[in-house]
$ cat upload-v1.csv   # CSV, C-alpha atoms
chain,number,residue,atom,x,y,z
F,1,MET,CA,-157.6,222.1,238.8
F,2,THR,CA,-155.4,222.2,241.8
F,3,THR,CA,-152.3,220.0,242.4
F,4,THR,CA,-154.4,217.9,244.8
F,5,GLN,CA,-157.2,217.4,242.3
F,6,ALA,CA,-154.6,216.5,239.6
F,7,GLY,CA,-152.9,214.1,241.9
F,8,ASN,CA,-156.2,212.3,242.7
F,9,ARG,CA,-156.9,212.1,239.0
F,10,LEU,CA,-153.5,210.8,238.2
F,11,GLY,CA,-153.2,208.5,241.2
F,12,ILE,CA,-150.2,210.3,242.6
F,13,THR,CA,-149.6,212.6,245.5
F,14,ASP,CA,-149.9,216.4,245.2
F,15,ARG,CA,-146.2,216.5,246.0
F,16,ALA,CA,-145.4,214.3,243.0
F,17,VAL,CA,-147.6,216.7,240.9
F,18,ARG,CA,-145.6,219.7,242.1
F,19,LEU,CA,-142.3,217.9,241.4
F,20,ALA,CA,-143.5,217.1,237.8
F,21,ILE,CA,-144.3,220.7,237.4
F,22,GLN,CA,-140.9,221.8,238.7
F,23,GLU,CA,-139.1,219.4,236.4
F,24,GLY,CA,-141.1,220.6,233.4
F,25,ARG,CA,-142.9,217.3,232.8
F,26,LEU,CA,-146.3,218.7,233.6
F,27,PRO,CA,-147.3,222.1,232.3
F,28,ALA,CA,-149.1,224.4,234.8
F,29,THR,CA,-149.8,228.0,235.4
F,30,ASN,CA,-149.1,229.7,238.7
F,31,VAL,CA,-152.0,232.0,239.7
F,32,ASP,CA,-151.5,234.0,242.9
F,33,GLY,CA,-149.0,231.4,244.3
F,34,ARG,CA,-151.2,228.4,243.4
F,35,TRP,CA,-150.7,226.0,240.6
F,36,ARG,CA,-153.5,225.5,238.1
F,37,ILE,CA,-153.5,222.5,235.7
F,38,THR,CA,-155.8,222.1,232.8
F,39,ASN,CA,-157.5,218.9,231.7
F,40,GLU,CA,-155.5,219.1,228.5
F,41,ASP,CA,-152.2,219.2,230.4
F,42,ILE,CA,-153.3,216.1,232.4
F,43,ALA,CA,-154.0,214.3,229.1
F,44,HIS,CA,-150.6,215.2,227.7
F,45,PHE,CA,-148.8,214.2,230.9
F,46,THR,CA,-150.7,210.8,230.9
F,47,ALA,CA,-149.9,210.2,227.2
F,48,ALA,CA,-146.2,211.0,227.7
F,49,LYS,CA,-146.0,208.8,230.7
F,50,LYS,CA,-147.5,205.8,228.8
F,51,ALA,CA,-145.1,206.4,225.9
F,52,ALA,CA,-142.1,206.3,228.1

$ encode --input "upload-v1.csv" --output "structure tokens"
Amino acid sequence: MTTTQAGNRLGITDRAVRLAIQEGRLPATNVDGRWRITNEDIAHFTAAKKAA
């Protein structure tokens, strides 16, 4: 999914998603200059956020 889709799912902005990727808190793959985030990555990010 895109950063916008991930942001909508997480309830945060796409900018916040890109920042989390940059900081290494949200794994993502860069494909042709666009970030791609898996459902599994979203689940791990959510779990880590709840644990903190």

$ atom_distance --input "upload-v1.csv" --atom1 "atom CA of F:Ile12" --atom2 "atom CA of F:Thr38"
16.3 Å

$ closest_residue --input "upload-v1.csv" --among "F:Met1, F:Asp41, F:Arg9, F:Ala47" --to "F:Gly24" --atoms "all atoms listed in the file"
F:Asp41

$ residues_near_point --input "upload-v1.csv" --point "(-150.0, 211.2, 232.9)" --cutoff "12 Å" --atoms "all atoms listed in the file" --output "count of residues only"
28

$ atom_distance --input "upload-v1.csv" --atom1 "atom CA of F:Val31" --atom2 "atom CA of F:Leu19"
17.2 Å

$ residues_around --input "upload-v1.csv" --residues "stretch 32-37 of chain F" --least-positions-apart "2" --cutoff "6 Å" --atoms "only C-alpha atoms" --output "number ranges by chain"
F: 1-2, 28-30

$ decode --input "upload-v1.csv" --residues "stretch 31-49 of chain F" --atoms "N, CA, C and O atoms" --output "PDB file, in the first residue's frame"
ATOM      1  N   VAL F  31      10.005   1.390  -4.263  1.00  0.00           N
ATOM      2  CA  VAL F  31       9.876   0.848  -5.609  1.00  0.00           C
ATOM      3  C   VAL F  31       9.701   2.021  -6.575  1.00  0.00           C
ATOM      4  O   VAL F  31       8.699   2.736  -6.519  1.00  0.00           O
ATOM      5  N   ASP F  32      10.699   2.227  -7.409  1.00  0.00           N
ATOM      6  CA  ASP F  32      10.660   3.312  -8.394  1.00  0.00           C
ATOM      7  C   ASP F  32      10.334   4.665  -7.760  1.00  0.00           C
ATOM      8  O   ASP F  32       9.546   5.447  -8.282  1.00  0.00           O
ATOM      9  N   GLY F  33      10.943   4.935  -6.601  1.00  0.00           N
ATOM     10  CA  GLY F  33      10.760   6.227  -5.953  1.00  0.00           C
ATOM     11  C   GLY F  33       9.507   6.359  -5.121  1.00  0.00           C
ATOM     12  O   GLY F  33       9.213   7.431  -4.603  1.00  0.00           O
ATOM     13  N   ARG F  34       8.758   5.281  -4.968  1.00  0.00           N
ATOM     14  CA  ARG F  34       7.525   5.312  -4.164  1.00  0.00           C
ATOM     15  C   ARG F  34       7.608   4.251  -3.082  1.00  0.00           C
ATOM     16  O   ARG F  34       8.039   3.135  -3.334  1.00  0.00           O
ATOM     17  N   TRP F  35       7.192   4.631  -1.884  1.00  0.00           N
ATOM     18  CA  TRP F  35       7.228   3.696  -0.773  1.00  0.00           C
ATOM     19  C   TRP F  35       6.068   2.719  -0.855  1.00  0.00           C
ATOM     20  O   TRP F  35       4.946   3.116  -1.145  1.00  0.00           O
ATOM     21  N   ARG F  36       6.348   1.465  -0.562  1.00  0.00           N
ATOM     22  CA  ARG F  36       5.333   0.415  -0.501  1.00  0.00           C
ATOM     23  C   ARG F  36       5.407  -0.227   0.877  1.00  0.00           C
ATOM     24  O   ARG F  36       6.481  -0.618   1.334  1.00  0.00           O
ATOM     25  N   ILE F  37       4.268  -0.327   1.531  1.00  0.00           N
ATOM     26  CA  ILE F  37       4.190  -0.848   2.885  1.00  0.00           C
ATOM     27  C   ILE F  37       3.235  -2.040   2.881  1.00  0.00           C
ATOM     28  O   ILE F  37       2.142  -1.956   2.330  1.00  0.00           O
ATOM     29  N   THR F  38       3.658  -3.134   3.515  1.00  0.00           N
ATOM     30  CA  THR F  38       2.813  -4.329   3.552  1.00  0.00           C
ATOM     31  C   THR F  38       1.864  -4.271   4.747  1.00  0.00           C
ATOM     32  O   THR F  38       2.094  -3.537   5.718  1.00  0.00           O
ATOM     33  N   ASN F  39       0.816  -5.077   4.684  1.00  0.00           N
ATOM     34  CA  ASN F  39      -0.112  -5.190   5.810  1.00  0.00           C
ATOM     35  C   ASN F  39       0.611  -5.693   7.054  1.00  0.00           C
ATOM     36  O   ASN F  39       0.318  -5.257   8.171  1.00  0.00           O
ATOM     37  N   GLU F  40       1.562  -6.594   6.864  1.00  0.00           N
ATOM     38  CA  GLU F  40       2.338  -7.123   7.986  1.00  0.00           C
ATOM     39  C   GLU F  40       3.155  -6.017   8.647  1.00  0.00           C
ATOM     40  O   GLU F  40       3.236  -5.957   9.883  1.00  0.00           O
ATOM     41  N   ASP F  41       3.755  -5.140   7.845  1.00  0.00           N
ATOM     42  CA  ASP F  41       4.518  -4.020   8.391  1.00  0.00           C
ATOM     43  C   ASP F  41       3.623  -3.088   9.209  1.00  0.00           C
ATOM     44  O   ASP F  41       4.018  -2.607  10.269  1.00  0.00           O
ATOM     45  N   ILE F  42       2.410  -2.853   8.727  1.00  0.00           N
ATOM     46  CA  ILE F  42       1.450  -2.024   9.452  1.00  0.00           C
ATOM     47  C   ILE F  42       1.107  -2.672  10.796  1.00  0.00           C
ATOM     48  O   ILE F  42       1.059  -1.992  11.832  1.00  0.00           O
ATOM     49  N   ALA F  43       0.887  -3.975  10.787  1.00  0.00           N
ATOM     50  CA  ALA F  43       0.550  -4.695  12.014  1.00  0.00           C
ATOM     51  C   ALA F  43       1.683  -4.608  13.032  1.00  0.00           C
ATOM     52  O   ALA F  43       1.445  -4.363  14.218  1.00  0.00           O
ATOM     53  N   HIS F  44       2.932  -4.780  12.583  1.00  0.00           N
ATOM     54  CA  HIS F  44       4.073  -4.681  13.492  1.00  0.00           C
ATOM     55  C   HIS F  44       4.226  -3.265  14.044  1.00  0.00           C
ATOM     56  O   HIS F  44       4.519  -3.073  15.218  1.00  0.00           O
ATOM     57  N   PHE F  45       4.039  -2.277  13.181  1.00  0.00           N
ATOM     58  CA  PHE F  45       4.142  -0.878  13.606  1.00  0.00           C
ATOM     59  C   PHE F  45       3.091  -0.567  14.664  1.00  0.00           C
ATOM     60  O   PHE F  45       3.380   0.060  15.689  1.00  0.00           O
ATOM     61  N   THR F  46       1.866  -1.026  14.447  1.00  0.00           N
ATOM     62  CA  THR F  46       0.770  -0.803  15.389  1.00  0.00           C
ATOM     63  C   THR F  46       1.063  -1.477  16.730  1.00  0.00           C
ATOM     64  O   THR F  46       0.856  -0.887  17.787  1.00  0.00           O
ATOM     65  N   ALA F  47       1.552  -2.721  16.676  1.00  0.00           N
ATOM     66  CA  ALA F  47       1.856  -3.448  17.910  1.00  0.00           C
ATOM     67  C   ALA F  47       2.977  -2.763  18.689  1.00  0.00           C
ATOM     68  O   ALA F  47       2.911  -2.645  19.914  1.00  0.00           O
ATOM     69  N   ALA F  48       4.001  -2.302  17.985  1.00  0.00           N
ATOM     70  CA  ALA F  48       5.111  -1.630  18.648  1.00  0.00           C
ATOM     71  C   ALA F  48       4.656  -0.311  19.270  1.00  0.00           C
ATOM     72  O   ALA F  48       5.106   0.070  20.349  1.00  0.00           O
ATOM     73  N   LYS F  49       3.751   0.367  18.602  1.00  0.00           N
ATOM     74  CA  LYS F  49       3.245   1.634  19.091  1.00  0.00           C
ATOM     75  C   LYS F  49       2.433   1.419  20.375  1.00  0.00           C
ATOM     76  O   LYS F  49       2.531   2.199  21.320  1.00  0.00           O
TER      77      LYS F  49
END
